[in-house]
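Asks: Quick one, model-v4.cif (mmCIF, C-alpha atoms):
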data_final
loop_
_atom_site.label_atom_id
_atom_site.label_comp_id
_atom_site.auth_asym_id
_atom_site.auth_seq_id
_atom_site.Cartn_x
_atom_site.Cartn_y
_atom_site.Cartn_z
CA MET A 1 -72.53 148.13 213.85
CA LYS A 2 -72.16 148.83 210.17
CA PRO A 3 -72.67 146.01 207.63
CA GLU A 4 -68.99 145.94 206.78
CA GLN A 5 -68.14 145.55 210.47
CA LEU A 6 -70.58 142.66 210.81
CA SER A 7 -68.97 140.95 207.84
CA ALA A 8 -65.46 141.55 209.17
CA ALA A 9 -66.36 140.18 212.59
CA ALA A 10 -67.92 137.07 211.04
CA GLN A 11 -64.84 136.53 208.88
CA SER A 12 -62.53 136.85 211.88
CA LEU A 13 -64.41 134.06 213.67
CA ARG A 14 -64.25 131.79 210.61
CA THR A 15 -60.54 132.44 210.23
CA ALA A 16 -59.90 131.72 213.91
CA ALA A 17 -61.79 128.43 213.64
CA ARG A 18 -59.66 127.31 210.69
CA SER A 19 -56.30 128.56 211.91
CA GLY A 20 -56.45 128.10 215.67
CA ALA A 21 -55.21 131.68 216.06
CA PHE A 22 -57.91 132.85 218.45
CA ILE A 23 -59.04 136.46 218.48
CA ALA A 24 -59.64 139.24 220.98
CA PRO A 25 -63.18 139.59 222.34
CA LEU A 26 -65.51 141.14 219.77
CA ARG A 27 -66.82 143.52 222.43
CA GLU A 28 -63.34 145.06 222.58
CA THR A 29 -62.77 145.20 218.82
CA TYR A 30 -66.29 146.51 218.15
CA PRO A 31 -67.43 148.54 221.19
CA ASP A 32 -70.84 149.20 219.58
CA ILE A 33 -71.75 145.51 219.34
CA ASP A 34 -75.06 144.56 220.96
CA ALA A 35 -77.21 141.41 221.05
CA ASP A 36 -78.85 142.15 217.69
CA ALA A 37 -75.46 142.65 216.05
CA ALA A 38 -74.12 139.48 217.65
CA TYR A 39 -76.98 137.41 216.25
CA ALA A 40 -76.48 139.10 212.87
CA ILE A 41 -72.84 137.95 212.90
CA GLN A 42 -73.99 134.44 213.81
CA ARG A 43 -76.45 134.47 210.86
CA ILE A 44 -73.71 135.53 208.44
CA ASN A 45 -71.62 132.53 209.45
CA THR A 46 -74.63 130.23 209.40
CA GLU A 47 -75.31 131.27 205.81
CA ALA A 48 -71.63 130.79 204.96
CA ARG A 49 -71.66 127.24 206.32
CA VAL A 50 -74.82 126.38 204.42
CA ALA A 51 -73.27 127.81 201.24
CA GLU A 52 -70.29 125.50 201.81
CA GLY A 53 -72.65 122.51 201.80
CA ARG A 54 -73.38 121.99 205.47
CA ARG A 55 -76.91 121.22 206.63
CA ILE A 56 -78.65 122.70 209.68
CA VAL A 57 -79.99 119.86 211.84
CA GLY A 58 -81.24 121.78 214.87
CA CYS A 59 -80.31 124.22 217.61
CA LYS A 60 -78.40 124.33 220.85
CA ILE A 61 -79.41 126.36 223.88
CA GLY A 62 -76.75 128.02 225.98
CA LEU A 63 -76.60 129.99 229.22
CA THR A 64 -79.31 127.92 230.90
CA ALA A 65 -77.61 128.01 234.31
CA ARG A 66 -78.55 131.02 236.42
CA ALA A 67 -74.99 131.27 237.77
CA VAL A 68 -73.54 131.51 234.26
CA GLN A 69 -76.14 134.11 233.27
CA ALA A 70 -75.14 136.18 236.28
CA GLN A 71 -71.46 135.77 235.36
CA LEU A 72 -72.10 137.15 231.86
CA GLY A 73 -74.53 139.82 233.03
CA VAL A 74 -77.67 138.54 231.27
CA ASP A 75 -81.04 137.22 232.33
CA ARG A 76 -81.82 134.95 229.39
CA PRO A 77 -80.35 132.02 227.48
CA ASP A 78 -78.92 132.18 223.98
CA PHE A 79 -78.97 129.84 221.01
CA GLY A 80 -76.75 128.60 218.20
CA MET A 81 -77.19 126.38 215.17
CA LEU A 82 -76.28 122.70 214.90
CA PHE A 83 -74.85 121.38 211.63
CA ASP A 84 -74.61 117.88 210.24
CA ASP A 85 -70.82 117.76 210.54
CA MET A 86 -70.86 118.58 214.26
CA GLY A 87 -72.36 115.28 215.43
CA TYR A 88 -70.48 112.18 216.61
CA GLY A 89 -71.74 108.77 217.56
CA ASP A 90 -71.54 107.25 221.03
CA GLY A 91 -67.88 106.26 221.54
CA GLU A 92 -66.79 107.45 218.08
CA PRO A 93 -63.32 109.07 218.06
CA ILE A 94 -63.52 112.87 217.85
CA PRO A 95 -60.72 114.49 215.81
CA ALA A 96 -58.72 117.11 217.66
CA SER A 97 -58.61 119.16 214.45
CA THR A 98 -62.30 120.00 214.79
CA LEU A 99 -61.95 121.56 218.24
CA GLN A 100 -61.06 125.01 219.55
CA GLN A 101 -60.28 125.34 223.27
CA PRO A 102 -62.72 122.49 223.94
CA LYS A 103 -64.82 121.90 227.03
CA ILE A 104 -67.60 119.39 227.55
CA GLU A 105 -70.96 119.32 229.35
CA ALA A 106 -73.76 116.80 229.76
CA GLU A 107 -77.23 117.59 228.44
CA VAL A 108 -80.60 116.16 227.52
CA ALA A 109 -81.14 116.16 223.76
CA PHE A 110 -84.61 116.20 222.21
CA VAL A 111 -85.74 115.19 218.74
CA LEU A 112 -88.96 116.79 217.53
CA GLY A 113 -91.77 114.84 215.91
CA ARG A 114 -93.86 117.90 215.03
CA ASP A 115 -93.32 121.48 213.88
CA LEU A 116 -93.42 124.22 216.53
CA ASN A 117 -94.61 127.20 214.51
CA ALA A 118 -97.52 128.54 216.59
CA GLU A 119 -97.32 132.16 217.69
CA GLN A 120 -98.05 131.46 221.37
CA LEU A 121 -96.39 128.16 222.24
CA THR A 122 -97.08 126.51 225.59
CA GLN A 123 -95.32 123.82 227.59
CA VAL A 124 -97.99 121.37 226.43
CA ASP A 125 -97.32 122.26 222.78
CA VAL A 126 -93.64 121.59 223.27
CA MET A 127 -94.07 118.33 225.17
CA ASN A 128 -96.52 117.06 222.55
CA ALA A 129 -94.05 117.95 219.80
CA ILE A 130 -91.09 116.05 221.29
CA ASP A 131 -90.74 112.57 219.82
CA TYR A 132 -88.01 111.33 222.17
CA ALA A 133 -85.07 112.34 224.36
CA LEU A 134 -81.46 111.15 224.33
CA PRO A 135 -78.45 111.52 226.64
CA ALA A 136 -75.97 113.90 225.07
CA LEU A 137 -72.58 115.51 225.53
CA GLU A 138 -72.02 118.92 224.04
CA ILE A 139 -68.49 119.90 223.09
CA VAL A 140 -68.28 123.63 223.46
CA GLY A 141 -65.46 125.73 222.11
CA SER A 142 -64.47 129.33 221.66
CA ARG A 143 -62.79 131.23 218.90
CA ILE A 144 -62.19 134.00 221.45
CA ALA A 145 -58.77 133.76 223.07
CA ASN A 146 -58.70 132.32 226.60
CA TRP A 147 -62.51 132.05 226.71
CA ASN A 148 -62.63 135.76 227.53
CA ILE A 149 -66.30 136.07 226.64
CA LYS A 150 -69.39 138.02 227.49
CA PHE A 151 -72.89 137.56 226.06
CA VAL A 152 -72.26 139.22 222.70
CA ASP A 153 -69.04 137.27 222.16
CA THR A 154 -70.60 133.85 222.68
CA VAL A 155 -73.74 134.69 220.66
CA ALA A 156 -71.70 135.85 217.67
CA ASP A 157 -69.56 132.71 217.98
CA ASN A 158 -72.59 130.44 217.41
CA ALA A 159 -73.18 130.17 221.17
CA SER A 160 -69.65 128.77 221.60
CA SER A 161 -70.54 125.51 219.88
CA SER A 162 -68.16 122.92 218.44
CA GLY A 163 -69.82 119.50 218.40
CA TYR A 164 -71.95 116.97 220.20
CA VAL A 165 -72.21 113.27 220.96
CA LEU A 166 -75.58 111.53 221.18
CA GLY A 167 -76.37 108.38 223.11
CA SER A 168 -78.42 105.61 221.53
CA THR A 169 -81.17 105.02 224.11
CA PRO A 170 -84.19 107.07 223.01
CA ARG A 171 -86.80 107.58 225.72
CA LYS A 172 -90.28 109.04 225.69
CA LEU A 173 -90.87 111.90 228.14
CA SER A 174 -93.19 109.69 230.19
CA GLU A 175 -90.36 107.23 230.89
CA PHE A 176 -88.23 109.44 233.17
CA ASP A 177 -88.36 112.56 235.34
CA LEU A 178 -86.78 115.44 233.42
CA ARG A 179 -86.47 117.72 236.43
CA LEU A 180 -85.06 115.22 238.89
CA CYS A 181 -82.93 113.05 236.60
CA GLY A 182 -79.45 112.96 238.11
CA MET A 183 -76.31 113.23 235.99
CA VAL A 184 -72.76 112.08 236.66
CA MET A 185 -69.96 112.66 234.15
CA ASN A 186 -66.70 110.74 234.61
CA ARG A 187 -63.32 111.34 232.99
CA ARG A 188 -61.44 108.04 232.87
CA GLY A 189 -63.57 106.79 235.75
CA GLU A 190 -63.23 109.86 237.98
CA PRO A 191 -66.32 112.03 238.58
CA VAL A 192 -65.77 115.53 237.18
CA SER A 193 -69.30 116.94 236.90
CA VAL A 194 -72.59 116.19 238.61
CA GLY A 195 -76.01 117.76 238.26
CA ALA A 196 -79.66 117.20 237.45
CA GLY A 197 -82.39 118.34 235.11
CA ALA A 198 -83.38 121.14 237.47
CA ALA A 199 -80.05 122.89 236.73
CA CYS A 200 -81.33 123.68 233.21
CA LEU A 201 -83.74 126.61 233.79
CA GLY A 202 -85.51 124.52 236.43
CA ASN A 203 -86.40 121.86 233.84
CA PRO A 204 -85.01 121.19 230.34
CA ILE A 205 -88.55 121.61 228.95
CA ASN A 206 -88.45 125.25 230.05
CA ALA A 207 -85.35 125.77 227.90
CA VAL A 208 -86.99 124.19 224.85
CA VAL A 209 -90.11 126.34 225.33
CA TRP A 210 -87.90 129.44 225.37
CA LEU A 211 -86.12 128.32 222.20
CA ALA A 212 -89.32 127.38 220.38
CA ARG A 213 -90.94 130.74 221.14
CA THR A 214 -87.78 132.62 220.16
CA MET A 215 -87.35 130.80 216.85
CA ALA A 216 -91.03 131.17 215.96
CA ALA A 217 -90.85 134.90 216.66
CA LEU A 218 -87.78 135.15 214.40
CA GLY A 219 -89.63 133.44 211.56
CA HIS A 220 -87.47 130.29 211.71
CA PRO A 221 -89.61 127.86 213.73
CA LEU A 222 -88.36 124.51 214.92
CA ARG A 223 -89.43 121.68 212.60
CA ALA A 224 -90.16 117.98 212.88
CA GLY A 225 -86.88 116.08 212.90
CA ASP A 226 -84.90 118.92 214.48
CA LEU A 227 -82.40 118.13 217.21
CA VAL A 228 -82.37 120.39 220.27
CA LEU A 229 -79.55 120.38 222.83
CA SER A 230 -81.34 121.83 225.84
CA GLY A 231 -78.50 123.05 228.06
CA ALA A 232 -76.03 121.85 230.66
CA LEU A 233 -77.06 119.71 233.63
CA GLY A 234 -73.80 120.40 235.47
CA PRO A 235 -70.51 122.30 235.23
CA MET A 236 -68.56 122.10 231.98
CA VAL A 237 -65.10 120.52 232.07
CA PRO A 238 -61.98 121.26 229.99
CA VAL A 239 -60.99 118.61 227.44
CA SER A 240 -57.47 117.36 226.72
CA PRO A 241 -56.33 115.08 223.87
CA GLY A 242 -56.92 111.44 224.72
CA ASP A 243 -59.66 112.15 227.25
CA ILE A 244 -62.60 109.78 227.57
CA PHE A 245 -65.80 111.04 229.18
CA GLU A 246 -68.65 108.73 230.19
CA THR A 247 -71.93 110.16 231.39
CA ARG A 248 -75.03 108.61 232.90
CA ILE A 249 -78.34 110.43 233.19
CA ASN A 250 -80.73 108.56 235.44
CA GLY A 251 -83.63 107.10 233.52
CA LEU A 252 -82.22 108.24 230.19
CA GLY A 253 -79.05 106.20 229.73
CA ASN A 254 -75.34 106.57 229.04
CA VAL A 255 -73.20 108.36 226.47
CA LYS A 256 -69.42 108.36 225.87
CA ALA A 257 -67.13 110.90 224.20
CA VAL A 258 -63.69 109.74 223.06
CA PHE A 259 -61.13 112.38 222.03
CA ASP A 260 -58.24 111.37 219.83
CA THR A 261 -54.60 112.05 220.63
CA ALA A 262 -53.59 113.46 217.25
CA PRO A 263 -50.70 115.95 217.24
CA GLY A 264 -51.76 119.55 217.12
CA ALA A 265 -54.78 119.17 219.40
CA GLN A 266 -55.73 122.65 220.54
CA GLN A 267 -55.93 123.45 224.23
#
For the structure just supplied, provide its representation as structure tokens.

Replies:
Amino acid sequence: MKPEQLSAAAQSLRTAARSGAFIAPLRETYPDIDADAAYAIQRINTEARVAEGRRIVGCKIGLTARAVQAQLGVDRPDFGMLFDDMGYGDGEPIPASTLQQPKIEAEVAFVLGRDLNAEQLTQVDVMNAIDYALPALEIVGSRIANWNIKFVDTVADNASSSGYVLGSTPRKLSEFDLRLCGMVMNRRGEPVSVGAGAACLGNPINAVVWLARTMAALGHPLRAGDLVLSGALGPMVPVSPGDIFETRINGLGNVKAVFDTAPGAQQ
């Protein structure tokens, strides 16, 4: 893609986010788009958000379920950036105005205590760098109409991110089993998603290793204090105004997302 096309695609995503007028898939508007171009579009919008005063606080990992990778025709995850204005506290009302076609999924979040800037990172490096884990809910969204996405569409759209909710029960990795930890997400008391750590690339640590290696290779290594959302433990669920989701991850704790009922909530 030409530079002017990259800029136009990035602008169309920003406009869709502000207006709620969602756009056609980028792969249809720009048939030449590939993974490199999609990440270039993501970087343009990352730089735009930073220029507006937002602060990058970490990364999210997407496409960690093998079934979803197969659905989108890829064999690897993707990543997007997390900003300071995307986070909500446990049980804090989430404004509908911040959401675009929202869905929700339960994840393990990690906070780093050390930089991960080595060229050849190992699982041990990553585990030693993690300060603690938290239960988390990621609110995903799409600026592409009707969630009609493939890999390049979601990558360009900051890995279809919208927000996240963190629990308040930090745990060291030695305190629970990341691979076997079971997850149940309820909507108003009814189970809507179940899973376990093994659903996330076999173990959430595997996802963080992939991210750490990828970011180091790109020259933007993960740093101490960064937040990492490691990927879904179970199926994502559509969100409606007024929904309340409560999730328990065995050994890690609980987290609740509360969505307001303000008029104009986008479906």

Asks: Could you give me, as a PDB file with C-alpha atoms, keeping the file's coordinate frame, the residues within 12 Å of A:Leu173, counting all atoms listed in the file and dropping anything in the same chain fewer than 4 positions from it?

Replies:
ATOM      1  CA  VAL A 108     -80.600 116.160 227.520  1.00  0.00           C
ATOM      2  CA  ALA A 109     -81.140 116.160 223.760  1.00  0.00           C
ATOM      3  CA  PHE A 110     -84.610 116.200 222.210  1.00  0.00           C
ATOM      4  CA  VAL A 111     -85.740 115.190 218.740  1.00  0.00           C
ATOM      5  CA  LEU A 112     -88.960 116.790 217.530  1.00  0.00           C
ATOM      6  CA  VAL A 124     -97.990 121.370 226.430  1.00  0.00           C
ATOM      7  CA  VAL A 126     -93.640 121.590 223.270  1.00  0.00           C
ATOM      8  CA  MET A 127     -94.070 118.330 225.170  1.00  0.00           C
ATOM      9  CA  ASN A 128     -96.520 117.060 222.550  1.00  0.00           C
ATOM     10  CA  ALA A 129     -94.050 117.950 219.800  1.00  0.00           C
ATOM     11  CA  ILE A 130     -91.090 116.050 221.290  1.00  0.00           C
ATOM     12  CA  ASP A 131     -90.740 112.570 219.820  1.00  0.00           C
ATOM     13  CA  TYR A 132     -88.010 111.330 222.170  1.00  0.00           C
ATOM     14  CA  ALA A 133     -85.070 112.340 224.360  1.00  0.00           C
ATOM     15  CA  LEU A 134     -81.460 111.150 224.330  1.00  0.00           C
ATOM     16  CA  ASP A 177     -88.360 112.560 235.340  1.00  0.00           C
ATOM     17  CA  LEU A 178     -86.780 115.440 233.420  1.00  0.00           C
ATOM     18  CA  ARG A 179     -86.470 117.720 236.430  1.00  0.00           C
ATOM     19  CA  CYS A 181     -82.930 113.050 236.600  1.00  0.00           C
ATOM     20  CA  PRO A 204     -85.010 121.190 230.340  1.00  0.00           C
ATOM     21  CA  ILE A 205     -88.550 121.610 228.950  1.00  0.00           C
ATOM     22  CA  GLY A 251     -83.630 107.100 233.520  1.00  0.00           C
ATOM     23  CA  LEU A 252     -82.220 108.240 230.190  1.00  0.00           C
TER      24      LEU A 252
END

Asks: With distances taken over only C-alpha atoms, which residue among A:Gly225, A:Gly62, A:Gly113, A:Gly91 lies nearest A:Phe245?

Replies: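 Between A:Gly225, A:Gly62, A:Gly113, A:Gly91, the residue approaching A:Phe245 most closely is A:Gly91.
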
Asks: Can you tell me, as a list in words, which residues sit within 12 Å of (-65.8, 135.4, 236.1) in the file's frame, using only C-alpha atoms?

Replies: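 The residues near that point, listed by chain and number, are Ala67, Val68, Gln69, Ala70, Gln71, Leu72, Gly73, Trp147, Asn148, Ile149 and Lys150 of chain A.
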
Asks: Could you tell me which residues the PyMOL selection byres ((chain A and resi 35) around 9) returns for this structure, as a PyMOL selection string?

Replies: chain A and resi 33-34+36-40+151-152+155-156

Asks: Can you tell me which residues surround A:Gly197 at a distance of at most 12 Å, considering only C-alpha atoms, apart from same-chain residues fewer than 2 positions away, and format the answer as a compact mmCIF listing (two decimals) with C-alpha atoms, keeping the file's coordinate frame?

Replies:
# COMPACT_ATOMS: atom_id res chain seq x y z
CA THR A 64 -79.31 127.92 230.90
CA ALA A 65 -77.61 128.01 234.31
CA ALA A 106 -73.76 116.80 229.76
CA GLU A 107 -77.23 117.59 228.44
CA VAL A 108 -80.60 116.16 227.52
CA ALA A 109 -81.14 116.16 223.76
CA PRO A 135 -78.45 111.52 226.64
CA PHE A 176 -88.23 109.44 233.17
CA ASP A 177 -88.36 112.56 235.34
CA LEU A 178 -86.78 115.44 233.42
CA ARG A 179 -86.47 117.72 236.43
CA LEU A 180 -85.06 115.22 238.89
CA CYS A 181 -82.93 113.05 236.60
CA GLY A 182 -79.45 112.96 238.11
CA MET A 183 -76.31 113.23 235.99
CA VAL A 184 -72.76 112.08 236.66
CA VAL A 194 -72.59 116.19 238.61
CA GLY A 195 -76.01 117.76 238.26
CA ALA A 199 -80.05 122.89 236.73
CA CYS A 200 -81.33 123.68 233.21
CA LEU A 201 -83.74 126.61 233.79
CA GLY A 202 -85.51 124.52 236.43
CA ASN A 203 -86.40 121.86 233.84
CA PRO A 204 -85.01 121.19 230.34
CA ILE A 205 -88.55 121.61 228.95
CA ASN A 206 -88.45 125.25 230.05
CA ALA A 207 -85.35 125.77 227.90
CA SER A 230 -81.34 121.83 225.84
CA GLY A 231 -78.50 123.05 228.06
CA ALA A 232 -76.03 121.85 230.66
CA LEU A 233 -77.06 119.71 233.63
CA GLY A 234 -73.80 120.40 235.47
CA ILE A 249 -78.34 110.43 233.19
CA ASN A 250 -80.73 108.56 235.44
CA GLY A 251 -83.63 107.10 233.52
CA LEU A 252 -82.22 108.24 230.19

Asks: A:Ser7, A:Ser142, A:Thr29, A:Thr169: which is nearest A:Ile41, counting all atoms listed in the file?

Replies: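 For A:Ile41, the nearest of the given residues is A:Ser7.
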
Asks: Find, counting only C-alpha atoms, the residue in A:Lys2, A:Ala8, A:Pro241, A:Asn254 that gets nearest to A:Arg171.

Replies: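 Distance minimum relative to A:Arg171 lands on A:Asn254.
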
Asks: Expressed in Å to a single decimal, how great is the separation between atom CA of A:Gln11 and atom CA of A:Ser97?

Replies: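 Between atom CA of A:Gln11 and atom CA of A:Ser97 the gap works out to 19.3 Å.
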
Asks: Nearest residue to A:Phe83 out of A:Ser162, A:Gln42, A:Asn146, A:Ser19, using only C-alpha atoms?

Replies: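 Residue with the minimum atom-to-atom distance to A:Phe83: A:Ser162.
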